[in-house]
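Heads up, the thing below is written out as structure tokens.
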Amino acid sequence: MRVTITDVREMKRKKEKIPMLTAYDYVTAKMVDEAGAPLILVGDSLGMVILGYESTIPVTMDEMIHHTKAVVRGANKALVIGDMPFMTYHINMSDALHNAARFIQEGGAQAVKLEGGEVVAETVRRLVDCGIPVMGHIGLTPQSIHQLGGFKVRGKGLDEARKLLNDACILEEAGAFAIVLECTPAALSRLITQKLTVPTIGIGAGPDCDGQVQVISDLLGLYTEFVPKHAKQYARLAGEIKTAVSSYIAEVKSDGFPTAEQSYTMDESLIRQLEAED
Ligand code: KIV
């Protein structure tokens with residue numbers, strides 16, 4: 001049985017921590033799902049860690065749907081959340097509904113995530129009313145990077161901390177089933193987590209959130225161009241992959257690969273017959 005938003009709410013009630021990871025393709029989603037992550041986010045971080053863009057801003061709906069479909073094919077149990085890209089839910093309500101519906105109908109996701117607090121509350125309410133579960137996302141919101149002036153911790157000062165707390169309450173009231181807190185001080189995240197009945201999922205938001213989310217490429221040490229302070233590398237696959245590829249290149253060049261073990265056989269007399277026919 002696939003995890004539902006009711007299960008996620010229940011996890012908070014039972015004080016059971018909620019691990020969430022991003023995935024962008026079938027193979028990774030399958031591994032993350034089989035390892036037991038209850039939530040998989042098809043994050044627009046794919047723009048940076050998969051597609052090589054400088055930020056998440058260029059990511060399109062079509063790219064997100066393409067990757068969401070692959071993730072859904074790999075994940076049998078986890079709740080899959082599609083991340084709505086930049087400006088796909090701001091222009092008007094009709095666009096927001098249409099794009100969110102694409103994640104559910106075409107992509108096969110069970111929920112969507114969108115960035116912002118009070119400013120997106122009406123949209124959250126409408127999507128939820130239409131039957132689309134929504135995860136909120138406040139704090140450092142990478143789609144607003146030009147407005148925010150860089151990847152910085154949010155809510156260190158009183159005014160911004162008050163605003164974030166207010167945004168979280170408004171999102172809960174609008175019907176969000178969970179809220180990502182990105183790069184917020186641990187003490188503020190703790191307060192927000194205590195105030196809300198829906199779970200908070202932290203990334204760079206300290207240990208007291210109800211759950212944690214990490215970008216899979218950071219966790220596996222695959223994306224090494226920029227490793228955020230809040231990321232922990234549980235493996236260093238970039239190095240391992242480069243070593244494997246270098247070994248392959250060296251063996252092809254030195255006739256060490258393939259050997260008989262990787263080759264197919266046939267009746268050698270047939271070859272002699274072919275040679276004789278020349
Ligand atoms: O796009 C993403 O991966 C995200 C997470 C960092 C929460 O939004």
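Chain labels follow the order of the structure tokens: the first chain is A, the next B, and so on; residue numbering restarts at 1 in every chain, and ligands are counted from 1 in their shown order.
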Neighbours of ligand 1 at 9 Å or closer, counting only C-alpha atoms and all ligand atoms: which residues, as a PDB file with all heavy atoms, in the first residue's frame?
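Contents of the output file result.pdb:
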ATOM      1  N   MET A  20      12.611  12.026   4.043  1.00  0.00           N
ATOM      2  CA  MET A  20      12.220  12.267   2.638  1.00  0.00           C
ATOM      3  C   MET A  20      13.500  12.461   1.841  1.00  0.00           C
ATOM      4  O   MET A  20      14.488  12.990   2.347  1.00  0.00           O
ATOM      5  CB  MET A  20      11.336  13.516   2.590  1.00  0.00           C
ATOM      6  CG  MET A  20      11.021  14.055   1.226  1.00  0.00           C
ATOM      7  SD  MET A  20       9.543  15.143   1.277  1.00  0.00           S
ATOM      8  CE  MET A  20      10.206  16.667   0.667  1.00  0.00           C
ATOM      9  N   LEU A  21      13.473  11.995   0.601  1.00  0.00           N
ATOM     10  CA  LEU A  21      14.627  12.168  -0.294  1.00  0.00           C
ATOM     11  C   LEU A  21      14.137  12.596  -1.658  1.00  0.00           C
ATOM     12  O   LEU A  21      13.000  12.287  -2.032  1.00  0.00           O
ATOM     13  CB  LEU A  21      15.390  10.839  -0.442  1.00  0.00           C
ATOM     14  CG  LEU A  21      16.441  10.562   0.626  1.00  0.00           C
ATOM     15  CD1 LEU A  21      16.912   9.123   0.528  1.00  0.00           C
ATOM     16  CD2 LEU A  21      17.632  11.505   0.479  1.00  0.00           C
ATOM     17  N   THR A  22      15.005  13.254  -2.393  1.00  0.00           N
ATOM     18  CA  THR A  22      14.655  13.526  -3.783  1.00  0.00           C
ATOM     19  C   THR A  22      15.050  12.320  -4.631  1.00  0.00           C
ATOM     20  O   THR A  22      15.919  11.531  -4.248  1.00  0.00           O
ATOM     21  CB  THR A  22      15.379  14.770  -4.341  1.00  0.00           C
ATOM     22  OG1 THR A  22      16.775  14.490  -4.430  1.00  0.00           O
ATOM     23  CG2 THR A  22      15.134  16.000  -3.489  1.00  0.00           C
ATOM     24  N   ALA A  23      14.386  12.188  -5.771  1.00  0.00           N
ATOM     25  CA  ALA A  23      14.815  11.230  -6.806  1.00  0.00           C
ATOM     26  C   ALA A  23      14.354  11.822  -8.126  1.00  0.00           C
ATOM     27  O   ALA A  23      13.392  12.611  -8.165  1.00  0.00           O
ATOM     28  CB  ALA A  23      14.204   9.857  -6.577  1.00  0.00           C
ATOM     29  N   LEU A  41      10.528  13.199  -3.210  1.00  0.00           N
ATOM     30  CA  LEU A  41      10.274  14.476  -3.872  1.00  0.00           C
ATOM     31  C   LEU A  41      11.001  14.494  -5.213  1.00  0.00           C
ATOM     32  O   LEU A  41      12.212  14.276  -5.267  1.00  0.00           O
ATOM     33  CB  LEU A  41      10.803  15.626  -3.001  1.00  0.00           C
ATOM     34  CG  LEU A  41      10.800  17.013  -3.645  1.00  0.00           C
ATOM     35  CD1 LEU A  41       9.370  17.527  -3.843  1.00  0.00           C
ATOM     36  CD2 LEU A  41      11.605  18.002  -2.812  1.00  0.00           C
ATOM     37  N   VAL A  42      10.233  14.728  -6.280  1.00  0.00           N
ATOM     38  CA  VAL A  42      10.883  14.984  -7.567  1.00  0.00           C
ATOM     39  C   VAL A  42      11.140  16.494  -7.564  1.00  0.00           C
ATOM     40  O   VAL A  42      10.301  17.301  -7.959  1.00  0.00           O
ATOM     41  CB  VAL A  42      10.001  14.575  -8.762  1.00  0.00           C
ATOM     42  CG1 VAL A  42      10.801  14.654 -10.055  1.00  0.00           C
ATOM     43  CG2 VAL A  42       9.436  13.183  -8.565  1.00  0.00           C
ATOM     44  N   GLY A  43      12.280  16.856  -6.977  1.00  0.00           N
ATOM     45  CA  GLY A  43      12.576  18.268  -6.735  1.00  0.00           C
ATOM     46  C   GLY A  43      12.988  18.982  -8.017  1.00  0.00           C
ATOM     47  O   GLY A  43      13.580  18.375  -8.913  1.00  0.00           O
ATOM     48  N   ASP A  44      12.696  20.286  -8.056  1.00  0.00           N
ATOM     49  CA  ASP A  44      13.194  21.037  -9.216  1.00  0.00           C
ATOM     50  C   ASP A  44      14.706  21.252  -9.085  1.00  0.00           C
ATOM     51  O   ASP A  44      15.343  21.791  -9.991  1.00  0.00           O
ATOM     52  CB  ASP A  44      12.427  22.352  -9.420  1.00  0.00           C
ATOM     53  CG  ASP A  44      12.611  23.341  -8.286  1.00  0.00           C
ATOM     54  OD1 ASP A  44      13.216  22.977  -7.264  1.00  0.00           O
ATOM     55  OD2 ASP A  44      12.148  24.492  -8.435  1.00  0.00           O
ATOM     56  N   SER A  45      15.293  20.784  -7.964  1.00  0.00           N
ATOM     57  CA  SER A  45      16.755  20.726  -7.848  1.00  0.00           C
ATOM     58  C   SER A  45      17.337  19.897  -8.990  1.00  0.00           C
ATOM     59  O   SER A  45      18.531  19.978  -9.274  1.00  0.00           O
ATOM     60  CB  SER A  45      17.160  20.126  -6.500  1.00  0.00           C
ATOM     61  OG  SER A  45      16.456  18.928  -6.246  1.00  0.00           O
ATOM     62  N   LEU A  46      16.490  19.118  -9.661  1.00  0.00           N
ATOM     63  CA  LEU A  46      16.977  18.337 -10.808  1.00  0.00           C
ATOM     64  C   LEU A  46      17.589  19.258 -11.862  1.00  0.00           C
ATOM     65  O   LEU A  46      18.485  18.850 -12.609  1.00  0.00           O
ATOM     66  CB  LEU A  46      15.877  17.460 -11.398  1.00  0.00           C
ATOM     67  CG  LEU A  46      14.817  18.027 -12.340  1.00  0.00           C
ATOM     68  CD1 LEU A  46      15.295  18.109 -13.783  1.00  0.00           C
ATOM     69  CD2 LEU A  46      13.585  17.139 -12.290  1.00  0.00           C
ATOM     70  N   GLY A  47      17.124  20.516 -11.884  1.00  0.00           N
ATOM     71  CA  GLY A  47      17.704  21.476 -12.828  1.00  0.00           C
ATOM     72  C   GLY A  47      19.203  21.598 -12.639  1.00  0.00           C
ATOM     73  O   GLY A  47      19.967  21.664 -13.605  1.00  0.00           O
ATOM     74  N   THR A  56      17.528  26.586 -10.199  1.00  0.00           N
ATOM     75  CA  THR A  56      16.316  25.811 -10.509  1.00  0.00           C
ATOM     76  C   THR A  56      15.381  26.600 -11.440  1.00  0.00           C
ATOM     77  O   THR A  56      14.378  26.056 -11.912  1.00  0.00           O
ATOM     78  CB  THR A  56      15.546  25.484  -9.204  1.00  0.00           C
ATOM     79  OG1 THR A  56      15.198  26.706  -8.540  1.00  0.00           O
ATOM     80  CG2 THR A  56      16.381  24.641  -8.265  1.00  0.00           C
ATOM     81  N   ASP A  83       7.486  18.741  -7.741  1.00  0.00           N
ATOM     82  CA  ASP A  83       7.838  20.113  -7.356  1.00  0.00           C
ATOM     83  C   ASP A  83       7.444  21.064  -8.486  1.00  0.00           C
ATOM     84  O   ASP A  83       7.969  20.957  -9.608  1.00  0.00           O
ATOM     85  CB  ASP A  83       9.363  20.154  -7.141  1.00  0.00           C
ATOM     86  CG  ASP A  83       9.792  21.222  -6.173  1.00  0.00           C
ATOM     87  OD1 ASP A  83       8.927  21.906  -5.609  1.00  0.00           O
ATOM     88  OD2 ASP A  83      11.017  21.352  -5.979  1.00  0.00           O
ATOM     89  N   PRO A  85       7.579  23.992 -10.869  1.00  0.00           N
ATOM     90  CA  PRO A  85       8.689  24.887 -11.216  1.00  0.00           C
ATOM     91  C   PRO A  85       8.330  26.373 -11.135  1.00  0.00           C
ATOM     92  O   PRO A  85       7.153  26.743 -11.029  1.00  0.00           O
ATOM     93  CB  PRO A  85       9.032  24.511 -12.655  1.00  0.00           C
ATOM     94  CG  PRO A  85       8.215  23.351 -13.025  1.00  0.00           C
ATOM     95  CD  PRO A  85       7.112  23.204 -12.019  1.00  0.00           C
ATOM     96  N   LYS A 113       4.447  20.163  -4.575  1.00  0.00           N
ATOM     97  CA  LYS A 113       5.043  21.101  -3.619  1.00  0.00           C
ATOM     98  C   LYS A 113       5.179  22.439  -4.310  1.00  0.00           C
ATOM     99  O   LYS A 113       5.481  22.493  -5.503  1.00  0.00           O
ATOM    100  CB  LYS A 113       6.423  20.599  -3.161  1.00  0.00           C
ATOM    101  CG  LYS A 113       7.167  21.607  -2.272  1.00  0.00           C
ATOM    102  CD  LYS A 113       8.421  21.037  -1.656  1.00  0.00           C
ATOM    103  CE  LYS A 113       9.649  21.129  -2.508  1.00  0.00           C
ATOM    104  NZ  LYS A 113      10.007  22.486  -2.957  1.00  0.00           N
ATOM    105  N   LEU A 114       4.935  23.510  -3.572  1.00  0.00           N
ATOM    106  CA  LEU A 114       5.216  24.825  -4.128  1.00  0.00           C
ATOM    107  C   LEU A 114       5.849  25.720  -3.069  1.00  0.00           C
ATOM    108  O   LEU A 114       5.676  25.532  -1.879  1.00  0.00           O
ATOM    109  CB  LEU A 114       3.973  25.455  -4.772  1.00  0.00           C
ATOM    110  CG  LEU A 114       2.626  25.364  -4.103  1.00  0.00           C
ATOM    111  CD1 LEU A 114       2.489  26.467  -3.103  1.00  0.00           C
ATOM    112  CD2 LEU A 114       1.548  25.481  -5.167  1.00  0.00           C
ATOM    113  N   GLU A 115       6.642  26.666  -3.562  1.00  0.00           N
ATOM    114  CA  GLU A 115       7.420  27.535  -2.681  1.00  0.00           C
ATOM    115  C   GLU A 115       6.636  28.791  -2.337  1.00  0.00           C
ATOM    116  O   GLU A 115       5.912  29.333  -3.183  1.00  0.00           O
ATOM    117  CB  GLU A 115       8.744  27.936  -3.364  1.00  0.00           C
ATOM    118  CG  GLU A 115       9.675  26.762  -3.593  1.00  0.00           C
ATOM    119  CD  GLU A 115      11.017  27.174  -4.195  1.00  0.00           C
ATOM    120  OE1 GLU A 115      11.285  28.395  -4.343  1.00  0.00           O
ATOM    121  OE2 GLU A 115      11.810  26.271  -4.512  1.00  0.00           O
ATOM    122  N   HIS A 137       6.600  25.123   1.232  1.00  0.00           N
ATOM    123  CA  HIS A 137       8.062  25.239   1.287  1.00  0.00           C
ATOM    124  C   HIS A 137       8.405  26.698   1.591  1.00  0.00           C
ATOM    125  O   HIS A 137       8.148  27.573   0.764  1.00  0.00           O
ATOM    126  CB  HIS A 137       8.649  24.803  -0.076  1.00  0.00           C
ATOM    127  CG  HIS A 137      10.152  24.834  -0.155  1.00  0.00           C
ATOM    128  ND1 HIS A 137      10.847  24.182  -1.158  1.00  0.00           N
ATOM    129  CD2 HIS A 137      11.102  25.429   0.610  1.00  0.00           C
ATOM    130  CE1 HIS A 137      12.140  24.374  -0.996  1.00  0.00           C
ATOM    131  NE2 HIS A 137      12.332  25.149   0.067  1.00  0.00           N
ATOM    132  N   THR A 141      13.907  29.785  -0.354  1.00  0.00           N
ATOM    133  CA  THR A 141      13.112  29.256  -1.466  1.00  0.00           C
ATOM    134  C   THR A 141      13.906  29.519  -2.751  1.00  0.00           C
ATOM    135  O   THR A 141      13.934  30.654  -3.246  1.00  0.00           O
ATOM    136  CB  THR A 141      11.728  29.951  -1.498  1.00  0.00           C
ATOM    137  OG1 THR A 141      11.912  31.362  -1.305  1.00  0.00           O
ATOM    138  CG2 THR A 141      10.823  29.420  -0.408  1.00  0.00           C
ATOM    139  N   PRO A 142      14.585  28.484  -3.265  1.00  0.00           N
ATOM    140  CA  PRO A 142      15.550  28.695  -4.350  1.00  0.00           C
ATOM    141  C   PRO A 142      14.973  29.358  -5.611  1.00  0.00           C
ATOM    142  O   PRO A 142      15.715  30.001  -6.348  1.00  0.00           O
ATOM    143  CB  PRO A 142      16.063  27.287  -4.652  1.00  0.00           C
ATOM    144  CG  PRO A 142      15.857  26.542  -3.379  1.00  0.00           C
ATOM    145  CD  PRO A 142      14.603  27.094  -2.777  1.00  0.00           C
ATOM    146  N   VAL A 180       7.978  22.161   4.063  1.00  0.00           N
ATOM    147  CA  VAL A 180       9.443  22.113   4.057  1.00  0.00           C
ATOM    148  C   VAL A 180       9.971  23.427   4.638  1.00  0.00           C
ATOM    149  O   VAL A 180       9.524  24.508   4.259  1.00  0.00           O
ATOM    150  CB  VAL A 180       9.986  21.920   2.615  1.00  0.00           C
ATOM    151  CG1 VAL A 180      11.498  22.132   2.562  1.00  0.00           C
ATOM    152  CG2 VAL A 180       9.626  20.540   2.086  1.00  0.00           C
ATOM    153  N   LEU A 181      10.908  23.305   5.574  1.00  0.00           N
ATOM    154  CA  LEU A 181      11.623  24.471   6.097  1.00  0.00           C
ATOM    155  C   LEU A 181      13.054  24.355   5.591  1.00  0.00           C
ATOM    156  O   LEU A 181      13.761  23.404   5.945  1.00  0.00           O
ATOM    157  CB  LEU A 181      11.642  24.474   7.628  1.00  0.00           C
ATOM    158  CG  LEU A 181      10.290  24.420   8.366  1.00  0.00           C
ATOM    159  CD1 LEU A 181      10.514  24.416   9.877  1.00  0.00           C
ATOM    160  CD2 LEU A 181       9.409  25.597   7.954  1.00  0.00           C
ATOM    161  N   GLU A 182      13.462  25.283   4.744  1.00  0.00           N
ATOM    162  CA  GLU A 182      14.812  25.189   4.176  1.00  0.00           C
ATOM    163  C   GLU A 182      15.688  26.302   4.744  1.00  0.00           C
ATOM    164  O   GLU A 182      15.351  27.497   4.661  1.00  0.00           O
ATOM    165  CB  GLU A 182      14.755  25.271   2.640  1.00  0.00           C
ATOM    166  CG  GLU A 182      16.147  25.197   2.019  1.00  0.00           C
ATOM    167  CD  GLU A 182      16.176  24.876   0.545  1.00  0.00           C
ATOM    168  OE1 GLU A 182      15.121  24.583  -0.055  1.00  0.00           O
ATOM    169  OE2 GLU A 182      17.294  24.919  -0.025  1.00  0.00           O
ATOM    170  N   ILE A 201       9.224  19.457   7.438  1.00  0.00           N
ATOM    171  CA  ILE A 201      10.292  18.622   6.876  1.00  0.00           C
ATOM    172  C   ILE A 201      11.475  19.568   6.653  1.00  0.00           C
ATOM    173  O   ILE A 201      11.391  20.490   5.842  1.00  0.00           O
ATOM    174  CB  ILE A 201       9.869  17.994   5.519  1.00  0.00           C
ATOM    175  CG1 ILE A 201       8.480  17.318   5.598  1.00  0.00           C
ATOM    176  CG2 ILE A 201      10.934  17.033   5.020  1.00  0.00           C
ATOM    177  CD1 ILE A 201       8.410  16.014   6.303  1.00  0.00           C
ATOM    178  N   GLY A 202      12.551  19.343   7.379  1.00  0.00           N
ATOM    179  CA  GLY A 202      13.660  20.303   7.349  1.00  0.00           C
ATOM    180  C   GLY A 202      14.762  19.928   6.383  1.00  0.00           C
ATOM    181  O   GLY A 202      15.023  18.752   6.123  1.00  0.00           O
ATOM    182  N   ILE A 203      15.379  20.967   5.856  1.00  0.00           N
ATOM    183  CA  ILE A 203      16.650  20.789   5.133  1.00  0.00           C
ATOM    184  C   ILE A 203      17.499  21.987   5.557  1.00  0.00           C
ATOM    185  O   ILE A 203      17.156  23.130   5.275  1.00  0.00           O
ATOM    186  CB  ILE A 203      16.460  20.658   3.606  1.00  0.00           C
ATOM    187  CG1 ILE A 203      17.818  20.618   2.888  1.00  0.00           C
ATOM    188  CG2 ILE A 203      15.549  21.732   2.996  1.00  0.00           C
ATOM    189  CD1 ILE A 203      17.784  20.048   1.480  1.00  0.00           C
ATOM    190  N   VAL A 213      14.649  16.270   4.785  1.00  0.00           N
ATOM    191  CA  VAL A 213      14.777  15.972   3.355  1.00  0.00           C
ATOM    192  C   VAL A 213      16.196  16.307   2.921  1.00  0.00           C
ATOM    193  O   VAL A 213      16.786  17.270   3.413  1.00  0.00           O
ATOM    194  CB  VAL A 213      13.740  16.732   2.489  1.00  0.00           C
ATOM    195  CG1 VAL A 213      13.759  18.221   2.695  1.00  0.00           C
ATOM    196  CG2 VAL A 213      13.904  16.405   1.007  1.00  0.00           C
ATOM    197  N   GLN A 214      16.727  15.483   2.054  1.00  0.00           N
ATOM    198  CA  GLN A 214      18.029  15.736   1.454  1.00  0.00           C
ATOM    199  C   GLN A 214      17.939  15.498  -0.052  1.00  0.00           C
ATOM    200  O   GLN A 214      17.127  14.685  -0.521  1.00  0.00           O
ATOM    201  CB  GLN A 214      19.092  14.797   2.041  1.00  0.00           C
ATOM    202  CG  GLN A 214      19.535  15.168   3.457  1.00  0.00           C
ATOM    203  CD  GLN A 214      20.463  16.389   3.497  1.00  0.00           C
ATOM    204  OE1 GLN A 214      21.592  16.352   3.042  1.00  0.00           O
ATOM    205  NE2 GLN A 214      19.961  17.489   4.030  1.00  0.00           N
ATOM    206  N   VAL A 215      18.772  16.217  -0.765  1.00  0.00           N
ATOM    207  CA  VAL A 215      18.902  15.994  -2.205  1.00  0.00           C
ATOM    208  C   VAL A 215      19.771  14.744  -2.374  1.00  0.00           C
ATOM    209  O   VAL A 215      20.876  14.672  -1.835  1.00  0.00           O
ATOM    210  CB  VAL A 215      19.541  17.238  -2.872  1.00  0.00           C
ATOM    211  CG1 VAL A 215      19.928  16.960  -4.313  1.00  0.00           C
ATOM    212  CG2 VAL A 215      18.578  18.431  -2.779  1.00  0.00           C
ATOM    213  N   ILE A 216      19.245  13.752  -3.082  1.00  0.00           N
ATOM    214  CA  ILE A 216      19.912  12.441  -3.159  1.00  0.00           C
ATOM    215  C   ILE A 216      21.353  12.558  -3.681  1.00  0.00           C
ATOM    216  O   ILE A 216      22.245  11.858  -3.220  1.00  0.00           O
ATOM    217  CB  ILE A 216      19.074  11.441  -4.019  1.00  0.00           C
ATOM    218  CG1 ILE A 216      19.638  10.022  -3.960  1.00  0.00           C
ATOM    219  CG2 ILE A 216      18.971  11.878  -5.472  1.00  0.00           C
ATOM    220  CD1 ILE A 216      19.224   9.238  -2.786  1.00  0.00           C
TER     221      ILE A 216
END
Exercise for the section: Would you return as a PyMOL selection string the members of range 137-209 of chain A that DSSP assigns to helix (DSSP H, G or I) on this structure's backbone? Expected result: chain A and resi 142-148+158-174+186-195
Exercise for the section: Using only C-alpha atoms, determine which residues lie at most 6 Å from range 228-236 of chain A, disregarding the query and same-chain residues fewer than 6 positions distant; provide the list as a list in words. Expected result: Gly204, Leu219, Leu220 and Gly221 of chain A
Exercise for the section: Looking only at strand (DSSP E or B) from DSSP on the backbone, list the matching residues of range 101-163 of chain A as a PyMOL selection string. Expected result: chain A and resi 111-113+116+134-139
Between range 81-127 of chain A and range 1-5 of chain A, at 12 Å or less, what are the per-residue closest atom pairs and their distances in Å? Count only C-alpha atoms, order by chain and rising residue number, and return it as CSV.
residue,atom,partner,partner_atom,distance
A:Ile81,CA,A:Ile5,CA,10.7
A:Ala109,CA,A:Arg2,CA,11.5
A:Gln110,CA,A:Thr4,CA,8.3
A:Ala111,CA,A:Ile5,CA,8.7
A:Val112,CA,A:Ile5,CA,11.6
